[in-house]
>>> print(open('model-v7.txt').read())   # compact mmCIF, N, CA and C atoms
# COMPACT_ATOMS: atom_id res chain seq x y z
N MET A 1 0.84 -1.19 0.00
CA MET A 1 0.00 0.00 0.00
C MET A 1 0.89 1.25 0.00
N ILE A 2 0.50 2.22 -0.80
CA ILE A 2 1.27 3.46 -0.91
C ILE A 2 0.85 4.40 0.21
N HIS A 3 1.85 4.91 0.87
CA HIS A 3 1.60 5.85 1.97
C HIS A 3 1.10 7.17 1.39
N PRO A 4 0.08 7.79 1.99
CA PRO A 4 -0.49 9.03 1.44
C PRO A 4 0.52 10.16 1.29
N LEU A 5 1.52 10.20 2.15
CA LEU A 5 2.51 11.27 2.05
C LEU A 5 3.38 11.12 0.81
N LYS A 6 3.55 9.87 0.33
CA LYS A 6 4.36 9.66 -0.87
C LYS A 6 3.69 10.27 -2.09
N CYS A 7 2.38 10.29 -2.12
CA CYS A 7 1.66 10.92 -3.23
C CYS A 7 1.67 12.43 -3.09
N PHE A 8 1.64 12.93 -1.88
CA PHE A 8 1.59 14.35 -1.62
C PHE A 8 2.95 15.01 -1.78
N LEU A 9 4.00 14.30 -1.48
CA LEU A 9 5.34 14.86 -1.46
C LEU A 9 5.78 15.39 -2.82
N PRO A 10 5.60 14.66 -3.94
CA PRO A 10 6.02 15.23 -5.23
C PRO A 10 5.27 16.51 -5.58
N ALA A 11 3.99 16.57 -5.25
CA ALA A 11 3.23 17.78 -5.53
C ALA A 11 3.74 18.94 -4.68
N PHE A 12 4.12 18.66 -3.44
CA PHE A 12 4.65 19.68 -2.55
C PHE A 12 5.98 20.19 -3.06
N VAL A 13 6.84 19.27 -3.53
CA VAL A 13 8.15 19.66 -4.06
C VAL A 13 7.96 20.48 -5.33
N LEU A 14 7.01 20.08 -6.16
CA LEU A 14 6.74 20.82 -7.38
C LEU A 14 6.26 22.23 -7.05
N LEU A 15 5.43 22.35 -6.01
CA LEU A 15 4.94 23.65 -5.58
C LEU A 15 6.10 24.52 -5.12
N LEU A 16 6.99 23.93 -4.36
CA LEU A 16 8.14 24.70 -3.87
C LEU A 16 9.06 25.11 -5.00
N THR A 17 9.26 24.22 -5.95
CA THR A 17 10.21 24.51 -7.02
C THR A 17 9.62 25.41 -8.09
N SER A 18 8.30 25.57 -8.12
CA SER A 18 7.72 26.41 -9.15
C SER A 18 7.71 27.88 -8.76
N ALA A 19 8.17 28.19 -7.57
CA ALA A 19 8.22 29.58 -7.13
C ALA A 19 9.20 30.35 -8.00
N ALA A 20 8.87 31.60 -8.29
CA ALA A 20 9.69 32.41 -9.20
C ALA A 20 11.03 32.77 -8.56
N ASP A 21 11.00 33.09 -7.29
CA ASP A 21 12.25 33.47 -6.65
C ASP A 21 12.86 32.25 -5.97
N THR A 22 14.13 32.28 -5.83
CA THR A 22 14.81 31.19 -5.16
C THR A 22 15.01 31.57 -3.71
N GLY A 23 14.26 30.95 -2.85
CA GLY A 23 14.36 31.20 -1.42
C GLY A 23 15.35 30.25 -0.78
N PRO A 24 15.41 30.26 0.52
CA PRO A 24 16.38 29.42 1.22
C PRO A 24 16.03 27.92 1.10
N LEU A 25 14.77 27.57 0.80
CA LEU A 25 14.39 26.17 0.69
C LEU A 25 14.60 25.60 -0.71
N VAL A 26 14.87 26.45 -1.70
CA VAL A 26 14.99 26.01 -3.08
C VAL A 26 16.44 26.12 -3.51
N SER A 27 17.03 24.98 -3.82
CA SER A 27 18.41 24.98 -4.30
C SER A 27 18.41 25.12 -5.82
N ALA A 28 19.57 25.35 -6.36
CA ALA A 28 19.71 25.49 -7.81
C ALA A 28 19.37 24.17 -8.50
N ALA A 29 19.75 23.06 -7.89
CA ALA A 29 19.46 21.75 -8.48
C ALA A 29 17.96 21.49 -8.50
N MET A 30 17.27 21.88 -7.42
CA MET A 30 15.81 21.70 -7.37
C MET A 30 15.13 22.56 -8.42
N GLN A 31 15.64 23.78 -8.58
CA GLN A 31 15.06 24.68 -9.59
C GLN A 31 15.28 24.12 -10.99
N GLN A 32 16.45 23.55 -11.24
CA GLN A 32 16.75 22.95 -12.53
C GLN A 32 15.83 21.76 -12.81
N THR A 33 15.63 20.92 -11.78
CA THR A 33 14.74 19.76 -11.92
C THR A 33 13.31 20.21 -12.20
N ALA A 34 12.86 21.23 -11.51
CA ALA A 34 11.51 21.75 -11.70
C ALA A 34 11.35 22.31 -13.11
N ASN A 35 12.34 23.02 -13.59
CA ASN A 35 12.28 23.57 -14.95
C ASN A 35 12.23 22.45 -15.99
N ALA A 36 13.01 21.38 -15.78
CA ALA A 36 13.00 20.25 -16.70
C ALA A 36 11.64 19.56 -16.69
N GLN A 37 11.06 19.40 -15.49
CA GLN A 37 9.75 18.77 -15.39
C GLN A 37 8.68 19.62 -16.07
N ASN A 38 8.73 20.92 -15.86
CA ASN A 38 7.77 21.81 -16.51
C ASN A 38 7.92 21.77 -18.03
N ALA A 39 9.14 21.71 -18.52
CA ALA A 39 9.37 21.64 -19.96
C ALA A 39 8.80 20.33 -20.53
N THR A 40 9.00 19.24 -19.79
CA THR A 40 8.47 17.95 -20.24
C THR A 40 6.95 17.98 -20.28
N ILE A 41 6.32 18.54 -19.25
CA ILE A 41 4.87 18.63 -19.20
C ILE A 41 4.35 19.50 -20.34
N ASN A 42 4.98 20.64 -20.57
CA ASN A 42 4.55 21.54 -21.65
C ASN A 42 4.72 20.87 -23.01
N ASN A 43 5.81 20.13 -23.18
CA ASN A 43 6.04 19.42 -24.44
C ASN A 43 4.96 18.37 -24.67
N ALA A 44 4.61 17.63 -23.62
CA ALA A 44 3.57 16.60 -23.75
C ALA A 44 2.22 17.22 -24.09
N LEU A 45 1.90 18.34 -23.44
CA LEU A 45 0.64 19.02 -23.73
C LEU A 45 0.60 19.54 -25.16
N THR A 46 1.71 20.09 -25.63
CA THR A 46 1.78 20.60 -26.99
C THR A 46 1.60 19.47 -27.99
N GLN A 47 2.24 18.32 -27.74
CA GLN A 47 2.09 17.18 -28.64
C GLN A 47 0.64 16.69 -28.66
N LYS A 48 0.00 16.67 -27.49
CA LYS A 48 -1.39 16.24 -27.43
C LYS A 48 -2.29 17.21 -28.20
N GLU A 49 -2.05 18.51 -28.04
CA GLU A 49 -2.84 19.50 -28.77
C GLU A 49 -2.64 19.36 -30.27
N ASN A 50 -1.39 19.13 -30.70
CA ASN A 50 -1.11 18.94 -32.14
C ASN A 50 -1.82 17.70 -32.67
N ALA A 51 -1.82 16.63 -31.88
CA ALA A 51 -2.50 15.40 -32.30
C ALA A 51 -3.99 15.63 -32.44
N MET A 52 -4.58 16.40 -31.51
CA MET A 52 -6.01 16.68 -31.57
C MET A 52 -6.34 17.53 -32.80
N VAL A 53 -5.49 18.49 -33.13
CA VAL A 53 -5.71 19.33 -34.31
C VAL A 53 -5.65 18.47 -35.57
N LEU A 54 -4.66 17.57 -35.65
CA LEU A 54 -4.55 16.69 -36.81
C LEU A 54 -5.75 15.77 -36.93
N ALA A 55 -6.22 15.25 -35.81
CA ALA A 55 -7.38 14.36 -35.84
C ALA A 55 -8.61 15.10 -36.34
N ASN A 56 -8.78 16.35 -35.93
CA ASN A 56 -9.91 17.13 -36.39
C ASN A 56 -9.79 17.45 -37.88
N GLN A 57 -8.57 17.65 -38.37
CA GLN A 57 -8.38 17.93 -39.79
C GLN A 57 -8.71 16.70 -40.63
N VAL A 58 -8.39 15.52 -40.13
CA VAL A 58 -8.69 14.29 -40.87
C VAL A 58 -10.19 14.07 -40.96
N LYS A 59 -10.93 14.39 -39.89
CA LYS A 59 -12.36 14.17 -39.87
C LYS A 59 -13.12 15.19 -40.72
N THR A 60 -12.55 16.35 -40.93
CA THR A 60 -13.22 17.41 -41.66
C THR A 60 -13.12 17.14 -43.16
N PRO A 61 -14.25 17.06 -43.86
CA PRO A 61 -14.18 16.83 -45.30
C PRO A 61 -13.57 18.01 -46.01
N SER A 62 -12.93 17.72 -47.12
CA SER A 62 -12.28 18.79 -47.86
C SER A 62 -13.34 19.64 -48.56
N PRO A 63 -13.12 20.96 -48.63
CA PRO A 63 -14.11 21.84 -49.26
C PRO A 63 -14.11 21.72 -50.78
N SER A 64 -13.20 20.91 -51.34
CA SER A 64 -13.11 20.82 -52.79
C SER A 64 -14.21 19.96 -53.40
N GLY A 65 -15.02 19.30 -52.56
CA GLY A 65 -16.12 18.49 -53.08
C GLY A 65 -15.71 17.08 -53.46
N ASP A 66 -14.59 16.60 -52.93
CA ASP A 66 -14.13 15.26 -53.25
C ASP A 66 -15.01 14.18 -52.64
N VAL A 67 -15.72 14.50 -51.59
CA VAL A 67 -16.54 13.52 -50.89
C VAL A 67 -18.01 13.83 -51.16
N MET A 68 -18.74 12.79 -51.59
CA MET A 68 -20.15 12.96 -51.84
C MET A 68 -20.88 11.78 -51.20
N ILE A 69 -21.87 12.06 -50.39
CA ILE A 69 -22.63 11.02 -49.73
C ILE A 69 -23.93 10.82 -50.49
N VAL A 70 -24.16 9.57 -50.93
CA VAL A 70 -25.34 9.25 -51.71
C VAL A 70 -26.09 8.13 -51.00
N ASP A 71 -27.40 8.25 -50.98
CA ASP A 71 -28.25 7.22 -50.38
C ASP A 71 -28.07 5.92 -51.15
N PRO A 72 -27.77 4.80 -50.46
CA PRO A 72 -27.55 3.53 -51.16
C PRO A 72 -28.77 3.07 -51.95
N LYS A 73 -29.96 3.44 -51.51
CA LYS A 73 -31.17 3.05 -52.26
C LYS A 73 -31.19 3.72 -53.63
N GLU A 74 -30.71 4.96 -53.68
CA GLU A 74 -30.65 5.68 -54.96
C GLU A 74 -29.61 5.06 -55.88
N VAL A 75 -28.50 4.62 -55.31
CA VAL A 75 -27.46 3.98 -56.13
C VAL A 75 -27.99 2.69 -56.74
N SER A 76 -28.64 1.87 -55.91
CA SER A 76 -29.17 0.61 -56.43
C SER A 76 -30.26 0.87 -57.48
N LYS A 77 -31.09 1.90 -57.26
CA LYS A 77 -32.10 2.24 -58.27
C LYS A 77 -31.45 2.63 -59.60
N ASP A 78 -30.34 3.36 -59.53
CA ASP A 78 -29.64 3.76 -60.76
C ASP A 78 -29.12 2.55 -61.52
N TRP A 79 -28.51 1.59 -60.81
CA TRP A 79 -28.01 0.39 -61.49
C TRP A 79 -29.15 -0.40 -62.12
N ILE A 80 -30.26 -0.53 -61.40
CA ILE A 80 -31.41 -1.27 -61.92
C ILE A 80 -32.03 -0.54 -63.11
N HIS A 81 -32.10 0.79 -63.03
CA HIS A 81 -32.64 1.58 -64.13
C HIS A 81 -31.76 1.44 -65.38
N ALA A 82 -30.45 1.47 -65.19
CA ALA A 82 -29.54 1.30 -66.33
C ALA A 82 -29.72 -0.08 -66.95
N PHE A 83 -29.87 -1.11 -66.10
CA PHE A 83 -30.10 -2.47 -66.60
C PHE A 83 -31.39 -2.53 -67.40
N THR A 84 -32.45 -1.93 -66.88
CA THR A 84 -33.75 -1.94 -67.55
C THR A 84 -33.68 -1.21 -68.89
N MET A 85 -32.99 -0.09 -68.92
CA MET A 85 -32.85 0.66 -70.17
C MET A 85 -32.11 -0.16 -71.23
N LEU A 86 -31.01 -0.80 -70.83
CA LEU A 86 -30.27 -1.61 -71.78
C LEU A 86 -31.10 -2.81 -72.25
N LYS A 87 -31.89 -3.37 -71.33
CA LYS A 87 -32.72 -4.53 -71.67
C LYS A 87 -33.80 -4.14 -72.69
N THR A 88 -34.40 -2.96 -72.53
CA THR A 88 -35.44 -2.52 -73.46
C THR A 88 -34.86 -2.18 -74.84
N LYS A 89 -33.61 -1.83 -74.90
CA LYS A 89 -32.96 -1.52 -76.19
C LYS A 89 -32.59 -2.79 -76.94
N GLN A 90 -32.68 -3.93 -76.27
CA GLN A 90 -32.34 -5.23 -76.85
C GLN A 90 -30.98 -5.18 -77.53
N THR A 91 -30.01 -4.78 -76.76
CA THR A 91 -28.65 -4.60 -77.28
C THR A 91 -27.82 -5.87 -77.19
N GLY A 92 -28.38 -6.94 -76.70
CA GLY A 92 -27.61 -8.18 -76.55
C GLY A 92 -27.39 -8.48 -75.08
N SER A 93 -26.34 -9.20 -74.80
CA SER A 93 -26.04 -9.60 -73.43
C SER A 93 -25.60 -8.39 -72.60
N ILE A 94 -26.19 -8.23 -71.46
CA ILE A 94 -25.85 -7.14 -70.56
C ILE A 94 -24.86 -7.67 -69.53
N ILE A 95 -23.78 -6.92 -69.32
CA ILE A 95 -22.70 -7.37 -68.43
C ILE A 95 -22.43 -6.31 -67.37
N PHE A 96 -22.46 -6.73 -66.11
CA PHE A 96 -22.01 -5.89 -65.00
C PHE A 96 -20.55 -6.23 -64.75
N THR A 97 -19.69 -5.22 -64.65
CA THR A 97 -18.28 -5.44 -64.34
C THR A 97 -18.03 -4.95 -62.92
N LEU A 98 -17.37 -5.81 -62.12
CA LEU A 98 -17.07 -5.47 -60.72
C LEU A 98 -15.68 -4.85 -60.63
N LEU A 99 -15.39 -4.23 -59.51
CA LEU A 99 -14.10 -3.58 -59.30
C LEU A 99 -12.94 -4.56 -59.37
N ASN A 100 -13.17 -5.82 -58.98
CA ASN A 100 -12.10 -6.82 -59.02
C ASN A 100 -11.92 -7.43 -60.41
N GLY A 101 -12.66 -6.95 -61.40
CA GLY A 101 -12.54 -7.43 -62.77
C GLY A 101 -13.53 -8.53 -63.13
N GLU A 102 -14.22 -9.09 -62.16
CA GLU A 102 -15.20 -10.14 -62.43
C GLU A 102 -16.35 -9.57 -63.25
N LYS A 103 -16.88 -10.39 -64.16
CA LYS A 103 -17.99 -9.97 -65.01
C LYS A 103 -19.21 -10.83 -64.69
N ILE A 104 -20.37 -10.19 -64.58
CA ILE A 104 -21.62 -10.89 -64.36
C ILE A 104 -22.44 -10.75 -65.64
N ASP A 105 -22.72 -11.88 -66.28
CA ASP A 105 -23.50 -11.84 -67.52
C ASP A 105 -24.61 -12.89 -67.47
N ASN A 106 -25.33 -13.03 -68.57
CA ASN A 106 -26.51 -13.91 -68.63
C ASN A 106 -27.52 -13.54 -67.54
N ILE A 107 -27.75 -12.26 -67.40
CA ILE A 107 -28.62 -11.74 -66.35
C ILE A 107 -30.07 -11.76 -66.83
N VAL A 108 -30.93 -12.36 -66.04
CA VAL A 108 -32.36 -12.38 -66.32
C VAL A 108 -33.04 -11.21 -65.63
N ASP A 109 -32.66 -10.97 -64.35
CA ASP A 109 -33.33 -9.94 -63.56
C ASP A 109 -32.37 -9.40 -62.51
N VAL A 110 -32.58 -8.14 -62.12
CA VAL A 110 -31.83 -7.51 -61.04
C VAL A 110 -32.82 -6.84 -60.11
N GLN A 111 -32.67 -7.11 -58.81
CA GLN A 111 -33.53 -6.49 -57.80
C GLN A 111 -32.66 -5.91 -56.70
N ALA A 112 -33.14 -4.83 -56.11
CA ALA A 112 -32.43 -4.25 -54.97
C ALA A 112 -32.93 -4.90 -53.69
N VAL A 113 -32.00 -5.22 -52.80
CA VAL A 113 -32.37 -5.69 -51.47
C VAL A 113 -32.85 -4.47 -50.70
N SER A 114 -33.70 -4.64 -49.70
CA SER A 114 -34.42 -3.54 -49.05
C SER A 114 -33.54 -2.37 -48.59
N GLY A 115 -32.34 -2.63 -48.12
CA GLY A 115 -31.48 -1.55 -47.63
C GLY A 115 -30.82 -0.76 -48.74
N GLY A 116 -30.72 -1.33 -49.93
CA GLY A 116 -30.12 -0.64 -51.05
C GLY A 116 -28.63 -0.90 -51.22
N TYR A 117 -28.00 -1.55 -50.24
CA TYR A 117 -26.56 -1.80 -50.34
C TYR A 117 -26.25 -2.99 -51.24
N LEU A 118 -27.22 -3.86 -51.47
CA LEU A 118 -26.99 -5.09 -52.21
C LEU A 118 -27.92 -5.19 -53.42
N LEU A 119 -27.43 -5.82 -54.47
CA LEU A 119 -28.25 -6.15 -55.63
C LEU A 119 -28.35 -7.66 -55.73
N PHE A 120 -29.54 -8.14 -56.04
CA PHE A 120 -29.83 -9.57 -56.16
C PHE A 120 -29.98 -9.89 -57.65
N PHE A 121 -29.03 -10.66 -58.18
CA PHE A 121 -29.03 -11.02 -59.60
C PHE A 121 -29.65 -12.40 -59.79
N THR A 122 -30.50 -12.53 -60.82
CA THR A 122 -30.98 -13.83 -61.27
C THR A 122 -30.27 -14.10 -62.59
N LEU A 123 -29.52 -15.21 -62.63
CA LEU A 123 -28.68 -15.53 -63.78
C LEU A 123 -29.15 -16.84 -64.41
N LYS A 124 -29.11 -16.90 -65.74
CA LYS A 124 -29.48 -18.14 -66.41
C LYS A 124 -28.21 -18.89 -66.81
N SER A 125 -28.30 -20.21 -66.72
CA SER A 125 -27.20 -21.07 -67.14
C SER A 125 -27.78 -22.36 -67.68
N TYR A 126 -26.93 -23.26 -68.17
CA TYR A 126 -27.40 -24.54 -68.70
C TYR A 126 -28.04 -25.40 -67.61
N GLN A 127 -27.63 -25.20 -66.37
CA GLN A 127 -28.18 -25.98 -65.25
C GLN A 127 -29.47 -25.36 -64.70
N GLY A 128 -29.87 -24.24 -65.19
CA GLY A 128 -31.07 -23.56 -64.70
C GLY A 128 -30.72 -22.18 -64.16
N LEU A 129 -31.58 -21.65 -63.31
CA LEU A 129 -31.37 -20.31 -62.76
C LEU A 129 -30.40 -20.37 -61.57
N HIS A 130 -29.55 -19.38 -61.50
CA HIS A 130 -28.63 -19.20 -60.38
C HIS A 130 -28.83 -17.80 -59.85
N TYR A 131 -28.38 -17.59 -58.62
CA TYR A 131 -28.56 -16.29 -57.97
C TYR A 131 -27.23 -15.80 -57.43
N LYS A 132 -27.09 -14.49 -57.46
CA LYS A 132 -25.85 -13.88 -56.96
C LYS A 132 -26.22 -12.56 -56.30
N VAL A 133 -25.61 -12.31 -55.14
CA VAL A 133 -25.82 -11.06 -54.41
C VAL A 133 -24.50 -10.30 -54.43
N VAL A 134 -24.56 -9.02 -54.82
CA VAL A 134 -23.36 -8.19 -54.96
C VAL A 134 -23.60 -6.85 -54.27
N LYS A 135 -22.56 -6.35 -53.59
CA LYS A 135 -22.63 -5.00 -53.00
C LYS A 135 -22.62 -3.97 -54.13
N THR A 136 -23.43 -2.95 -54.00
CA THR A 136 -23.45 -1.91 -55.04
C THR A 136 -22.11 -1.19 -55.12
N SER A 137 -21.39 -1.12 -54.01
CA SER A 137 -20.10 -0.43 -54.01
C SER A 137 -19.03 -1.21 -54.77
N GLU A 138 -19.29 -2.49 -55.06
CA GLU A 138 -18.33 -3.31 -55.80
C GLU A 138 -18.54 -3.24 -57.31
N ILE A 139 -19.64 -2.63 -57.75
CA ILE A 139 -19.92 -2.57 -59.18
C ILE A 139 -19.16 -1.41 -59.80
N SER A 140 -18.49 -1.71 -60.89
CA SER A 140 -17.70 -0.70 -61.58
C SER A 140 -18.46 -0.11 -62.76
N SER A 141 -19.08 -0.99 -63.57
CA SER A 141 -19.77 -0.49 -64.76
C SER A 141 -20.78 -1.52 -65.25
N ILE A 142 -21.59 -1.06 -66.21
CA ILE A 142 -22.56 -1.94 -66.88
C ILE A 142 -22.47 -1.63 -68.37
N ASN A 143 -22.47 -2.68 -69.16
CA ASN A 143 -22.44 -2.47 -70.61
C ASN A 143 -23.04 -3.67 -71.32
N SER A 144 -23.19 -3.55 -72.61
CA SER A 144 -23.73 -4.67 -73.39
C SER A 144 -22.92 -4.83 -74.66
>>> encode(input="model-v7.txt", output="structure tokens")
Amino acid sequence: MIHPLKCFLPAFVLLLTSAADTGPLVSAAMQQTANAQNATINNALTQKENAMVLANQVKTPSPSGDVMIVDPKEVSKDWIHAFTMLKTKQTGSIIFTLLNGEKIDNIVDVQAVSGGYLLFFTLKSYQGLHYKVVKTSEISSINS
């Protein structure tokens, strides 16, 4: 167990050493130690303030308009609308290309899942219908 005076003593010494004038109780070595401690404390506070300023700068969006927030339901509606438009033009096979380079083709139908983050594809193959769910953020383009 730590004795209560051991916790109080450093604060008392700091109080004595922080005095502007050097009295009979404050030696030059004590004053030097106090100055070093104060410099360390000020340096730590300055670093913390700088870190907080940088953190706030990172969170603040740039005024140049680089960041745009779009409702995921609207994004999924756009992909489905583009699919429907291409389908009505009867341009041939419609292909969705994903960011990883994968291509989704032989598409019969595309539906948005209720939240808008996912698209539900119905695909035709020789074995029958298959289904695939893809995040809208993973879609790169659509073409035929």
>>> atom_distance(input="model-v7.txt", atom1="atom CA of A:Val70", atom2="atom CA of A:Met52")
28.9 Å
>>> closest_residue(input="model-v7.txt", among="A:Ser93, A:Asn106, A:Gln47, A:Thr88", to="A:Leu123", atoms="only N, CA and C atoms")
A:Asn106
>>> atom_distance(input="model-v7.txt", atom1="atom CA of A:Thr136", atom2="atom C of A:Tyr117")
4.8 Å
>>> closest_residue(input="model-v7.txt", among="A:Leu129, A:Ile94, A:Ile104, A:Val113", to="A:Asn143", atoms="all atoms listed in the file")
A:Ile94
>>> residues_around(input="model-v7.txt", residues="A:Lys103", least_positions_apart="5", cutoff="10 Å", atoms="only C-alpha atoms", output="JSON, numbers by chain")
{"A": [95, 96, 97, 98, 139, 140, 141, 142]}
>>> atom_distance(input="model-v7.txt", atom1="atom CA of A:Lys135", atom2="atom CA of A:Val110")
12.5 Å
>>> residues_around(input="model-v7.txt", residues="A:Val134", least_positions_apart="2", cutoff="8 Å", atoms="only C-alpha atoms", output="JSON, numbers by chain")
{"A": [118, 119, 120, 121, 132, 136, 138, 139]}
>>> residues_near_point(input="model-v7.txt", point="(-32.7, -13.8, -65.6)", cutoff="7 Å", atoms="only C-alpha atoms", output="compact mmCIF listing (two decimals) with N, CA and C atoms, keeping the file's coordinate frame")
# COMPACT_ATOMS: atom_id res chain seq x y z
N ASN A 106 -25.33 -13.03 -68.57
CA ASN A 106 -26.51 -13.91 -68.63
C ASN A 106 -27.52 -13.54 -67.54
N ILE A 107 -27.75 -12.26 -67.40
CA ILE A 107 -28.62 -11.74 -66.35
C ILE A 107 -30.07 -11.76 -66.83
N VAL A 108 -30.93 -12.36 -66.04
CA VAL A 108 -32.36 -12.38 -66.32
C VAL A 108 -33.04 -11.21 -65.63
N ASP A 109 -32.66 -10.97 -64.35
CA ASP A 109 -33.33 -9.94 -63.56
C ASP A 109 -32.37 -9.40 -62.51
N THR A 122 -30.50 -12.53 -60.82
CA THR A 122 -30.98 -13.83 -61.27
C THR A 122 -30.27 -14.10 -62.59
N LEU A 123 -29.52 -15.21 -62.63
CA LEU A 123 -28.68 -15.53 -63.78
C LEU A 123 -29.15 -16.84 -64.41
N LYS A 124 -29.11 -16.90 -65.74
CA LYS A 124 -29.48 -18.14 -66.41
C LYS A 124 -28.21 -18.89 -66.81
>>> closest_residue(input="model-v7.txt", among="A:Ser125, A:Gln111, A:Ala36, A:Gly116", to="A:Ser137", atoms="only N, CA and C atoms")
A:Gly116
